[in-house]
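Undergrad: Handing you this structure, nothing more for now.
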Amino acid sequence: MNFNIKLIADNSDATYPSDGYLEKENLILNIQTITDRIISFSSRNDLMVLLCLDFEFPTFGYMTRFEWLHFYVVHTQRHIKQLTKIFNILNSLK
């Protein structure tokens with residue numbers, strides 16, 4: 001994982017945070033629910049066989065469910081690193 005590589009999306013593809021306040025407990029519960037659903041689905045289905053044809057990943061093409069799950073893990077790790085960096089910067093300003 002090379003964190004020095006900057007991944008840039010087109011402005012039309014960007015996802016922006018909501019303007020409202022998010023309750024920490026609700027956010028954690030939602031993340032846990034999604035995680036549980038992914039684990040449950042993964043244990044009942046073969047992730048290596050079928051290609052997901054709803055979306056073609058740029059530069060890679062269509063991916064299997066297993067490849068998508070791997071992407072989610074790596075992508076989440078990148079965001080956690082970004083959030084940790086922001087937290088450390090803000091903490092150092094106190």
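Ligands are numbered from 1 in the order shown, residues from 1 within each chain, and chains are lettered A, B, ... in the order they appear in the structure tokens.
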Apply DSSP to the structure's backbone, then extract all residues of chain A labelled alpha helix (DSSP H) and return them as a VMD selection string.

TA: chain A and resid 24 to 44 65 to 92

Undergrad: Enumerate the residues of chain A with a DSSP assignment of strand (DSSP E or B), computed from the backbone, and present them as a PyMOL selection string.

TA: chain A and resi 51-57+61-64

Undergrad: Could you write those residues out with C-alpha atoms, as a compact mmCIF listing (two decimals), in the first residue's frame?

TA:
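In the end it all went to result-v5.txt:
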# COMPACT_ATOMS: atom_id res chain seq x y z
CA LEU A 51 -18.18 -10.72 -12.05
CA CYS A 52 -20.11 -7.69 -10.85
CA LEU A 53 -21.36 -6.05 -14.03
CA ASP A 54 -23.13 -3.01 -12.54
CA PHE A 55 -19.95 -0.95 -12.47
CA GLU A 56 -16.68 -1.24 -14.37
CA PHE A 57 -13.77 -0.22 -12.16
CA GLY A 61 -12.51 -3.44 -15.55
CA TYR A 62 -15.17 -5.64 -14.02
CA MET A 63 -14.27 -7.29 -10.74
CA THR A 64 -15.47 -10.28 -8.74
